[in-house]
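Everything below concerns the one structure shown next.
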Amino acid sequence: MVSFAALIDADTVKPVTILAIESSCDETAASVCVNGRIHSNVIASQAVHEQYGGVVPELASRAHMQNIVPVVDQALKQGFGDRTTGLEHIDAIAFTQAPGLIGSLLVGAQFAKSLAIALNKPLIAVHHMQAHVLANLIPDNRPSFPFLCLTVSGGHTQIVLAKSPLELEVIGETIDDAAGEAFDKTAKLLGLPYPGGPLIDRYAKDGDPLRFKFAEPRIPELNFSFSGLKTSVLYFLQKQTPEFILENRNDLCASVQHTIVQILLKKIRKAVQETGIRQVCMAGGVSANSGLRNGLEALGTKHGWTTFIPAFEYCTDNAAMIAITGYYKYQAEQFCPLETGPSARAEW
Ligand code: KG4
Ligand code: ZN
């Protein structure tokens, strides 16, 4: 196994202070990272979407416009103390370039570019999904390379093979809905507000995970499918009364969560068997799920894997993960020109 330290020779590590900005969906976030250590991680969430049952792109862009200056300001203050603006310490600016909502990405990208011009500092474009994986490199207890990462968010579900910080390969992914969508869409069917994932998690704690059975897909290789689960839950609920759904909410949430967790864990187990890699990480908003966290830890203990799960604040969208990715890109001198535009979709 290649150790983390060996990846960047101590003699060649460049000291660097990075300001990172994340605005791909509905969180406006900024972070300061000094020599690979996170000094601040500020996130402004947008409650405005709750009433619409999902993120409204136009409202998200407007909220980013309102939030970005105070969020960056707070990140600089927390990073450097109140007596300075902090900007004079910044050596490079990293931003989320893709994927995400284009109007949301544009706000962060334009802000980052403007700062790069004003400060005459290099710009680093970061892929949001790669950053989720590299969130596992933030704490002191890091995986060494290679490792596997189950990345589960509102828009993506992937198994990633990480050979080094900048060599990440997707070896499995969903063919339809993401795991986060499965949580949010089934939560909506149960009458819960957006985002439903954390609420399902909360109600599931008091429910019986084996009470109701929902269809598990048979998808080849390391790929996933979640659209069938949504349909299975829909058909089941259509046959029930509203009173039944309310009275059995905890068991329904626990059973839905159990099904999603089983689908995810079976594939990560298959990935370990096929690759022989026994260091397993998690990333993305759904990795905040307590059933999934407990399930991965239990599997790790049973099969002798080493498991890594980022702290909650680094699981859901945040700029610390953009900053740590920016740190490795800075070391590799992977800067981007000022003309670099954001992209809603992006291959790795
Ligand atoms: O990574 P993320 O913050 O944003 C995207 O890049 O998509 O992930 C958001 C997703 C949402 O679908 C949300 O419901 C889900 O993560 N989520 C959870 C939990 N916390 C957030 N799903 C299940 N259990 C949770 N505790
Ligand atoms: Zn995300």
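Quick note on naming: the chains in the structure tokens go A, B, ... in the order shown, residues restart at 1 in each chain, and ligands are numbered from 1 in order of appearance.
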Could you please extract the residues within 10 Å of ligand 2, counting only C-alpha atoms and all ligand atoms, and hand them back as a count of residues only? 29
Which of range 21-238 of chain A DSSP labels strand (DSSP E or B), written as an NGL selection string: :A and (21-22 or 27-34 or 37-45 or 92-98 or 123-127 or 145 or 147-152 or 157-164 or 167-174 or 224)
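The nearest approach to Ile21 in chain A among the residues A:Ser225, A:Gln331, A:Ser104, A:Ser290, with only C-alpha atoms taken into account, belongs to A:Ser104.
Using only C-alpha atoms and all ligand atoms, the shortest contact distance between ligand 1 and any of A:Leu299, A:Leu192, A:Leu115, A:Leu237 is found at A:Leu192.
Of the residues under consideration (A:Gly103, A:Gly304, A:Pro165, A:Pro220), A:Pro165 shows the shortest atom-to-atom contact distance to Ser144 in chain A when counting only C-alpha atoms.
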